[in-house]
There are 2 protein chains.
Amino acid sequence: MQSWVDGHPAHALASLKDRGLAYGDGLFETVAVKAGQPLLLDLHLQRLANGCSRLAIAADQSLIRCELLAYAQAMGEGVLKLILTRGDSLRGYGVSPGAQPRRILQAGPAAAYPEANALQGIELFDCATRLAEQPLLAGLKHLNRLEQVIARSEWQDPTYAEGLMRDTSGRIIEGVFSNLFLVRDGVLVTADLQRCGVAGVMRAALLVEAERLAIPFHVTDISLEQLQQADELFVCNSVYGVWPVRAFADLSWPVGPLTRKLQSIARTLLDV
Amino acid sequence: MQSWVDGHPAHALASLKDRGLAYGDGLFETVAVKAGQPLLLDLHLQRLANGCSRLAIAADQSLIRCELLAYAQAMGEGVLKLILTRGDSLRGYGVSPGAQPRRILQAGPAAAYPEANALQGIELFDCATRLAEQPLLAGLKHLNRLEQVIARSEWQDPTYAEGLMRDTSGRIIEGVFSNLFLVRDGVLVTADLQRCGVAGVMRAALLVEAERLAIPFHVTDISLEQLQQADELFVCNSVYGVWPVRAFADLSWPVGPLTRKLQSIARTLLDV
């Protein structure tokens with residue numbers, strides 16, 4: 001399906017002056033679409049609106065919702081990518097007073113990951129690339145993603161479905177394209193994303209579900225020691241749901257009951 | 001003058017899948033052009049080649065040189081911007097085996113800064129935005145520039161021609177679009193850019209000149225205390241040359257002799 005730029009079918013960016021291209025000055029969302037419905041839409045739009053607010057990008061949020069719904073309807077099924085940039089720039093980092101945010105919608109096929117990832121769990125690659133600590137950008141799904149590009153380039157071996165990233169202080173943060181949860185004594189733990197990391201939509205959805213089901217959880221800093229002592233480990237995102245983690249470096253975990261429970265919840269959230 | 005994409009006149013990006021747009025996955029150079037000549041060309045191309053090597057972008061460096069020379073010739077005068085991206089992507093951070101780096105050349109008018117910046121010197125805004133420490137990206141002029149965008153948005157008051165940026169540990173690093181030098185007891189000092197910052201082409205050129213003229217210099221970490229004790233302070237880049245710094249926060253400096261000397265050298269480097 002053809003892409004849309006600002007609501008119109010297009011196969012090219014209208015302008016080479018776009019600040020998304022020049023500076024990565026914008027945000028994105030990757031949304032699973034089924035039966036014409038964008039899944040977890042409210043959480044995607046909440047994160048986007050929060051990103052716009054923090055980066056001071058004055059985008060029309062209800063227009064974005066409208067367009068996303070219409071585009072998903074036209075797509076039917078697959079993965080929808082929304083890129084929202086701050087619009088065009090004159091020269092320099094300063095924002096031109098007339099800059100109009102630009103919306104780009106792209107359609108891709110449904111994700112085709114090996115079924116074994118969800119069933120037997122995955123092995124995590126140990127990424128040497130560390131996440132820099134930048135509270136001003138932490139949590140946002142912005143377009144400055146060189147750290148993820150470099151981290152993903154560290155391995156080609158398909159043994160590893162994902163890679164584990166630490167921050168420059170050694171804290172365990174997330175996967176390259178996933179968030180990470182561990183389970184210890186029945187308590188769900190995921191990394192605090194105040195300094196770095198992307199606050200994933202599935203992570204947010206699972207925290208809401210944990211709250212609802214009275215599963216105790218902590219959002220906190222995670223050390224390598226805590227990872228070693230975890231009873232269960234899993235990664236998640238809003239496209240594939242939940243993958244149990246069986247192994248990382250010389251550590252291994254069984255696929256545990258809380259992982260399976262949350263995997264089943266994620267499956268429901270990604271269904272229509 | 002019209003932009004070129006991969007050597008052909010174009011006013012739009014050929015593809016919405018470009019990784020420069022998606023992830024800021026690329027590099028750029030901003031080159032002053034006079035009488036059809038790109039100035040400080042070798043240093044610009046050296047930095048670009050170094051960036052390509054560190055980010056593993058397999059671009060044809062001699063083709064880039066050729067195109068840059070031809071484009072500058074056609075421009076005559078102004079500021080040339082080269083954006084080099086890793087090319088198109090399929091979904092995800094991983095690089096598609098067939099990805100071809102994309103070259104984008106854009107022409108802008110010559111910089112029109114107030115003459116007073118160079119003559120009387122400037123006042124630096126005190127940016128609250130700190131640079132995150134990421135050795136893997138430090139020094140590169142890559143397309144992940146949200147920190148600069150946020151820092152530049154901190155002030156609108158034209159009293160400040162530039163802003164001073166520290167890293168998250170408080171070290172003095174650079175301006176938003178300039179590098180910084182201080183002079184203390186006849187010694188030139190500029191920040192070590194192993195953790196963050198952009199290794200500017202004018203900074204590199206001035207260090208070469210300092211070496212040639214036997215002006216002692218240090219590339220090292222700079223603390224606020226060292227700034228306070230400096231005899232002279234200036235910022236530089238490859239478009240405007242050298243601007244003395246007269247004031248920053250409650251500090252002030254005279255425009256000193258070494259600043260004037262290097263300013264005059266920069267002026268020569270930016271002439272044909």
# chains A, B, ... in the order shown; residues from 1 in each chain; ligands from 1

$ residues_around --residues "range 51-68 of chain A" --least-positions-apart "5" --cutoff "7 Å" --atoms "only C-alpha atoms" --output "ChimeraX atom specification"
/A:7,86,101,140

$ write_last_selection --atoms "N, CA and C atoms" --output "PDB file, in the first residue's frame"
ATOM      1  N   GLY A   7      -1.475  13.148   4.817  1.00  0.00           N
ATOM      2  CA  GLY A   7      -2.817  12.740   4.409  1.00  0.00           C
ATOM      3  C   GLY A   7      -2.987  12.428   2.937  1.00  0.00           C
ATOM      4  N   ARG A  86       9.201  17.554  12.804  1.00  0.00           N
ATOM      5  CA  ARG A  86       8.873  18.929  13.141  1.00  0.00           C
ATOM      6  C   ARG A  86       8.600  19.762  11.881  1.00  0.00           C
ATOM      7  N   PRO A 101       4.528  20.645  11.376  1.00  0.00           N
ATOM      8  CA  PRO A 101       4.878  19.233  11.542  1.00  0.00           C
ATOM      9  C   PRO A 101       4.388  18.400  10.352  1.00  0.00           C
ATOM     10  N   LEU A 140      11.269   8.529  25.138  1.00  0.00           N
ATOM     11  CA  LEU A 140      10.644   8.918  23.863  1.00  0.00           C
ATOM     12  C   LEU A 140      11.021   7.958  22.728  1.00  0.00           C
TER      13      LEU A 140
END

$ select_by_dssp --residues "range 100-130 of chain B" --states "alpha helix (DSSP H)" --output "list of chain:residue names"
B:Glu115, B:Ala116, B:Asn117, B:Ala118, B:Leu119

$ write_last_selection --atoms "all heavy atoms" --output "mmCIF file, in the first residue's frame"
data_model
loop_
_atom_site.group_PDB
_atom_site.id
_atom_site.type_symbol
_atom_site.label_atom_id
_atom_site.label_comp_id
_atom_site.auth_asym_id
_atom_site.auth_seq_id
_atom_site.Cartn_x
_atom_site.Cartn_y
_atom_site.Cartn_z
ATOM 1 N N GLU B 115 28.069 41.588 11.799
ATOM 2 C CA GLU B 115 29.524 41.792 11.771
ATOM 3 C C GLU B 115 30.095 41.934 13.179
ATOM 4 O O GLU B 115 31.249 41.605 13.434
ATOM 5 C CB GLU B 115 29.839 43.063 10.983
ATOM 6 C CG GLU B 115 30.445 42.802 9.620
ATOM 7 C CD GLU B 115 30.937 44.087 8.993
ATOM 8 O OE1 GLU B 115 32.048 44.520 9.351
ATOM 9 O OE2 GLU B 115 30.193 44.665 8.177
ATOM 10 N N ALA B 116 29.259 42.453 14.071
ATOM 11 C CA ALA B 116 29.708 42.675 15.453
ATOM 12 C C ALA B 116 30.150 41.374 16.120
ATOM 13 O O ALA B 116 30.993 41.388 17.016
ATOM 14 C CB ALA B 116 28.586 43.331 16.265
ATOM 15 N N ASN B 117 29.579 40.244 15.704
ATOM 16 C CA ASN B 117 29.979 38.961 16.299
ATOM 17 C C ASN B 117 31.492 38.775 16.191
ATOM 18 O O ASN B 117 32.147 38.380 17.151
ATOM 19 C CB ASN B 117 29.292 37.787 15.588
ATOM 20 C CG ASN B 117 27.797 37.716 15.858
ATOM 21 O OD1 ASN B 117 27.248 38.583 16.544
ATOM 22 N ND2 ASN B 117 27.132 36.711 15.329
ATOM 23 N N ALA B 118 32.012 39.040 15.001
ATOM 24 C CA ALA B 118 33.446 38.866 14.777
ATOM 25 C C ALA B 118 34.249 40.035 15.349
ATOM 26 O O ALA B 118 35.355 39.842 15.853
ATOM 27 C CB ALA B 118 33.719 38.703 13.284
ATOM 28 N N LEU B 119 33.696 41.216 15.286
ATOM 29 C CA LEU B 119 34.454 42.408 15.694
ATOM 30 C C LEU B 119 34.512 42.565 17.210
ATOM 31 O O LEU B 119 35.586 42.574 17.800
ATOM 32 C CB LEU B 119 33.844 43.661 15.059
ATOM 33 C CG LEU B 119 33.937 43.735 13.523
ATOM 34 C CD1 LEU B 119 33.219 44.958 12.982
ATOM 35 C CD2 LEU B 119 35.411 43.734 13.080
#

$ residues_around --residues "Asp185 in chain A" --least-positions-apart "5" --cutoff "10 Å" --atoms "only C-alpha atoms" --output "list in words"
Pro216, Gln229, Ala230, Asp231 and Glu232 of chain A

$ residues_around --residues "range 243-254 of chain B" --least-positions-apart "4" --cutoff "8 Å" --atoms "only C-alpha atoms" --output "number ranges by chain"
B: 117-126, 228, 230-236, 259-260, 263

$ closest_residue --among "A:Ala111, A:Ala210, A:Leu16, A:Val149" --to "Ser89 in chain B" --atoms "only C-alpha atoms"
A:Val149

$ interface_residues --of "chain B" --to "chain A" --cutoff "6 Å" --atoms "only C-alpha atoms" --output "compact mmCIF listing (two decimals) with N, CA and C atoms, in the first residue's frame"
# COMPACT_ATOMS: atom_id res chain seq x y z
N ALA B 12 13.05 16.36 -3.98
CA ALA B 12 12.46 15.48 -2.97
C ALA B 12 13.35 14.27 -2.76
N LEU B 13 13.19 13.68 -1.61
CA LEU B 13 13.91 12.45 -1.31
C LEU B 13 13.25 11.34 -2.13
N ALA B 14 14.08 10.54 -2.81
CA ALA B 14 13.52 9.52 -3.69
C ALA B 14 12.68 8.51 -2.91
N SER B 15 12.95 8.34 -1.63
CA SER B 15 12.33 7.25 -0.90
C SER B 15 11.97 7.64 0.54
N LEU B 16 10.80 7.23 0.96
CA LEU B 16 10.39 7.43 2.35
C LEU B 16 11.02 6.41 3.27
N GLY B 20 18.10 7.78 6.93
CA GLY B 20 18.38 9.11 7.49
C GLY B 20 17.13 9.67 8.14
N LEU B 21 16.02 9.53 7.47
CA LEU B 21 14.73 9.97 8.01
C LEU B 21 14.26 9.07 9.15
N TYR B 23 15.92 6.93 11.19
CA TYR B 23 16.74 6.75 12.40
C TYR B 23 17.82 7.82 12.59
N GLY B 24 17.87 8.79 11.70
CA GLY B 24 19.02 9.71 11.73
C GLY B 24 20.29 8.94 11.41
N ASP B 25 20.17 7.92 10.56
CA ASP B 25 21.28 7.01 10.28
C ASP B 25 22.12 7.57 9.13
N TYR B 93 15.92 -2.03 12.65
CA TYR B 93 17.20 -1.35 12.74
C TYR B 93 18.29 -2.03 11.91
N GLY B 94 18.13 -3.32 11.64
CA GLY B 94 19.14 -4.04 10.89
C GLY B 94 19.29 -3.45 9.49
N ALA B 132 24.78 14.13 26.32
CA ALA B 132 24.96 12.79 26.87
C ALA B 132 26.31 12.24 26.44
N GLU B 133 26.86 11.36 27.26
CA GLU B 133 28.19 10.81 26.98
C GLU B 133 28.06 9.48 26.23
N GLN B 134 28.41 9.50 24.97
CA GLN B 134 28.29 8.32 24.11
C GLN B 134 29.54 8.22 23.25
N LEU B 143 23.53 12.47 12.11
CA LEU B 143 22.20 13.08 11.95
C LEU B 143 21.32 12.98 13.21
N ASN B 144 21.85 12.51 14.30
CA ASN B 144 21.09 12.44 15.58
C ASN B 144 21.35 13.72 16.35
N ARG B 145 20.59 14.75 16.10
CA ARG B 145 20.93 16.06 16.61
C ARG B 145 19.85 16.67 17.49
N LEU B 146 19.05 15.83 18.14
CA LEU B 146 18.00 16.38 19.00
C LEU B 146 18.55 17.19 20.16
N VAL B 149 19.01 20.58 18.82
CA VAL B 149 17.70 21.21 18.55
C VAL B 149 17.09 21.73 19.86
N ARG B 152 19.16 24.71 21.23
CA ARG B 152 18.97 25.95 20.47
C ARG B 152 17.59 26.56 20.74

$ residues_around --residues "Gly175 in chain A" --least-positions-apart "6" --cutoff "6 Å" --atoms "only C-alpha atoms" --output "short mmCIF file (atom, residue, chain, number, x, y, z; two decimals) with all heavy atoms, in the first residue's frame"
data_model
loop_
_atom_site.label_atom_id
_atom_site.label_comp_id
_atom_site.auth_asym_id
_atom_site.auth_seq_id
_atom_site.Cartn_x
_atom_site.Cartn_y
_atom_site.Cartn_z
N GLY A 163 18.78 -8.36 21.24
CA GLY A 163 20.01 -8.06 21.97
C GLY A 163 19.68 -7.29 23.23
O GLY A 163 18.73 -6.51 23.25
N LEU A 164 20.46 -7.51 24.26
CA LEU A 164 20.24 -6.81 25.53
C LEU A 164 21.14 -5.58 25.59
O LEU A 164 22.35 -5.66 25.34
CB LEU A 164 20.55 -7.74 26.70
CG LEU A 164 20.32 -7.10 28.07
CD1 LEU A 164 18.83 -7.06 28.40
CD2 LEU A 164 21.08 -7.84 29.16
N MET A 165 20.54 -4.46 25.94
CA MET A 165 21.32 -3.22 26.04
C MET A 165 21.37 -2.71 27.48
O MET A 165 20.36 -2.68 28.18
CB MET A 165 20.71 -2.14 25.13
CG MET A 165 20.78 -2.52 23.66
SD MET A 165 20.36 -1.11 22.56
CE MET A 165 21.90 -0.17 22.65
#

$ atom_distance --atom1 "CA of Leu69 in chain B" --atom2 "CA of Pro38 in chain B"
6.7 Å

$ closest_residue --among "B:Leu227, B:Leu207, B:Leu269, B:Leu43" --to "Glu29 in chain B" --atoms "only C-alpha atoms"
B:Leu43

$ select_by_dssp --residues "range 3-232 of chain A" --states "strand (DSSP E)" --output "PyMOL selection string"
chain A and resi 4-5+8-9+26-34+37-38+78-85+102-108+122-126+160-166+172-175+179-184+187-191+217-220+232

$ atom_distance --atom1 "CA of Leu40 in chain A" --atom2 "CA of Glu209 in chain A"
12.9 Å

$ residues_around --residues "Gly76 in chain B" --least-positions-apart "5" --cutoff "8 Å" --atoms "only C-alpha atoms" --output "MDAnalysis selection string"
chainID B and resid 33:37

$ residues_around --residues "Asp221 in chain A" --least-positions-apart "2" --cutoff "8 Å" --atoms "only C-alpha atoms" --output "number ranges by chain"
A: 171-172, 190-192, 219, 223

$ closest_residue --among "A:Leu80, A:Ala110, A:Ala266, A:Met1" --to "Val201 in chain A" --atoms "only C-alpha atoms"
A:Ala266

$ atom_distance --atom1 "CA of Ile222 in chain A" --atom2 "CA of Gly200 in chain A"
16.9 Å

$ decode --residues "range 94-113 of chain A" --atoms "N, CA, C and O atoms" --output "PDB file, in the first residue's frame"
ATOM      1  N   GLY A  94      17.794  26.079  14.939  1.00  0.00           N
ATOM      2  CA  GLY A  94      16.630  26.840  15.374  1.00  0.00           C
ATOM      3  C   GLY A  94      15.410  26.495  14.538  1.00  0.00           C
ATOM      4  O   GLY A  94      15.518  26.184  13.351  1.00  0.00           O
ATOM      5  N   VAL A  95      14.238  26.527  15.174  1.00  0.00           N
ATOM      6  CA  VAL A  95      13.003  26.156  14.485  1.00  0.00           C
ATOM      7  C   VAL A  95      12.423  27.395  13.803  1.00  0.00           C
ATOM      8  O   VAL A  95      12.252  28.434  14.431  1.00  0.00           O
ATOM      9  N   SER A  96      12.130  27.279  12.508  1.00  0.00           N
ATOM     10  CA  SER A  96      11.505  28.389  11.783  1.00  0.00           C
ATOM     11  C   SER A  96      10.103  28.595  12.338  1.00  0.00           C
ATOM     12  O   SER A  96       9.380  27.625  12.575  1.00  0.00           O
ATOM     13  N   PRO A  97       9.703  29.850  12.511  1.00  0.00           N
ATOM     14  CA  PRO A  97       8.392  30.120  13.100  1.00  0.00           C
ATOM     15  C   PRO A  97       7.252  29.437  12.323  1.00  0.00           C
ATOM     16  O   PRO A  97       6.301  28.966  12.900  1.00  0.00           O
ATOM     17  N   GLY A  98       7.378  29.332  11.009  1.00  0.00           N
ATOM     18  CA  GLY A  98       6.277  28.761  10.215  1.00  0.00           C
ATOM     19  C   GLY A  98       6.309  27.250  10.062  1.00  0.00           C
ATOM     20  O   GLY A  98       5.506  26.690   9.325  1.00  0.00           O
ATOM     21  N   ALA A  99       7.245  26.569  10.742  1.00  0.00           N
ATOM     22  CA  ALA A  99       7.401  25.129  10.517  1.00  0.00           C
ATOM     23  C   ALA A  99       6.120  24.367  10.850  1.00  0.00           C
ATOM     24  O   ALA A  99       5.543  24.538  11.918  1.00  0.00           O
ATOM     25  N   GLN A 100       5.674  23.557   9.904  1.00  0.00           N
ATOM     26  CA  GLN A 100       4.473  22.734  10.090  1.00  0.00           C
ATOM     27  C   GLN A 100       4.897  21.283  10.258  1.00  0.00           C
ATOM     28  O   GLN A 100       5.521  20.728   9.358  1.00  0.00           O
ATOM     29  N   PRO A 101       4.528  20.645  11.376  1.00  0.00           N
ATOM     30  CA  PRO A 101       4.878  19.233  11.542  1.00  0.00           C
ATOM     31  C   PRO A 101       4.388  18.400  10.352  1.00  0.00           C
ATOM     32  O   PRO A 101       3.358  18.722   9.764  1.00  0.00           O
ATOM     33  N   ARG A 102       5.160  17.391   9.991  1.00  0.00           N
ATOM     34  CA  ARG A 102       4.820  16.554   8.831  1.00  0.00           C
ATOM     35  C   ARG A 102       4.507  15.127   9.295  1.00  0.00           C
ATOM     36  O   ARG A 102       5.238  14.566  10.107  1.00  0.00           O
ATOM     37  N   ARG A 103       3.427  14.580   8.771  1.00  0.00           N
ATOM     38  CA  ARG A 103       3.005  13.227   9.117  1.00  0.00           C
ATOM     39  C   ARG A 103       3.285  12.287   7.946  1.00  0.00           C
ATOM     40  O   ARG A 103       2.861  12.546   6.827  1.00  0.00           O
ATOM     41  N   ILE A 104       3.973  11.196   8.241  1.00  0.00           N
ATOM     42  CA  ILE A 104       4.279  10.209   7.205  1.00  0.00           C
ATOM     43  C   ILE A 104       3.761   8.860   7.676  1.00  0.00           C
ATOM     44  O   ILE A 104       4.120   8.399   8.761  1.00  0.00           O
ATOM     45  N   LEU A 105       2.916   8.240   6.873  1.00  0.00           N
ATOM     46  CA  LEU A 105       2.377   6.923   7.215  1.00  0.00           C
ATOM     47  C   LEU A 105       2.860   5.907   6.197  1.00  0.00           C
ATOM     48  O   LEU A 105       2.766   6.133   4.993  1.00  0.00           O
ATOM     49  N   GLN A 106       3.378   4.805   6.686  1.00  0.00           N
ATOM     50  CA  GLN A 106       3.898   3.761   5.808  1.00  0.00           C
ATOM     51  C   GLN A 106       3.333   2.411   6.224  1.00  0.00           C
ATOM     52  O   GLN A 106       3.168   2.148   7.417  1.00  0.00           O
ATOM     53  N   ALA A 107       3.086   1.568   5.236  1.00  0.00           N
ATOM     54  CA  ALA A 107       2.550   0.231   5.517  1.00  0.00           C
ATOM     55  C   ALA A 107       3.591  -0.830   5.237  1.00  0.00           C
ATOM     56  O   ALA A 107       4.299  -0.762   4.236  1.00  0.00           O
ATOM     57  N   GLY A 108       3.703  -1.795   6.127  1.00  0.00           N
ATOM     58  CA  GLY A 108       4.571  -2.945   5.907  1.00  0.00           C
ATOM     59  C   GLY A 108       3.780  -4.215   6.178  1.00  0.00           C
ATOM     60  O   GLY A 108       2.697  -4.165   6.764  1.00  0.00           O
ATOM     61  N   PRO A 109       4.328  -5.346   5.739  1.00  0.00           N
ATOM     62  CA  PRO A 109       3.629  -6.613   5.986  1.00  0.00           C
ATOM     63  C   PRO A 109       3.621  -6.944   7.480  1.00  0.00           C
ATOM     64  O   PRO A 109       4.404  -6.386   8.249  1.00  0.00           O
ATOM     65  N   ALA A 110       2.756  -7.843   7.868  1.00  0.00           N
ATOM     66  CA  ALA A 110       2.739  -8.317   9.253  1.00  0.00           C
ATOM     67  C   ALA A 110       4.095  -8.917   9.589  1.00  0.00           C
ATOM     68  O   ALA A 110       4.776  -9.463   8.715  1.00  0.00           O
ATOM     69  N   ALA A 111       4.501  -8.797  10.834  1.00  0.00           N
ATOM     70  CA  ALA A 111       5.802  -9.312  11.258  1.00  0.00           C
ATOM     71  C   ALA A 111       5.848 -10.830  11.065  1.00  0.00           C
ATOM     72  O   ALA A 111       4.874 -11.524  11.339  1.00  0.00           O
ATOM     73  N   ALA A 112       6.988 -11.309  10.582  1.00  0.00           N
ATOM     74  CA  ALA A 112       7.124 -12.750  10.341  1.00  0.00           C
ATOM     75  C   ALA A 112       8.288 -13.285  11.164  1.00  0.00           C
ATOM     76  O   ALA A 112       9.347 -13.579  10.632  1.00  0.00           O
ATOM     77  N   TYR A 113       8.080 -13.394  12.466  1.00  0.00           N
ATOM     78  CA  TYR A 113       9.120 -13.941  13.337  1.00  0.00           C
ATOM     79  C   TYR A 113       8.906 -15.442  13.496  1.00  0.00           C
ATOM     80  O   TYR A 113       7.771 -15.919  13.425  1.00  0.00           O
TER      81      TYR A 113
END
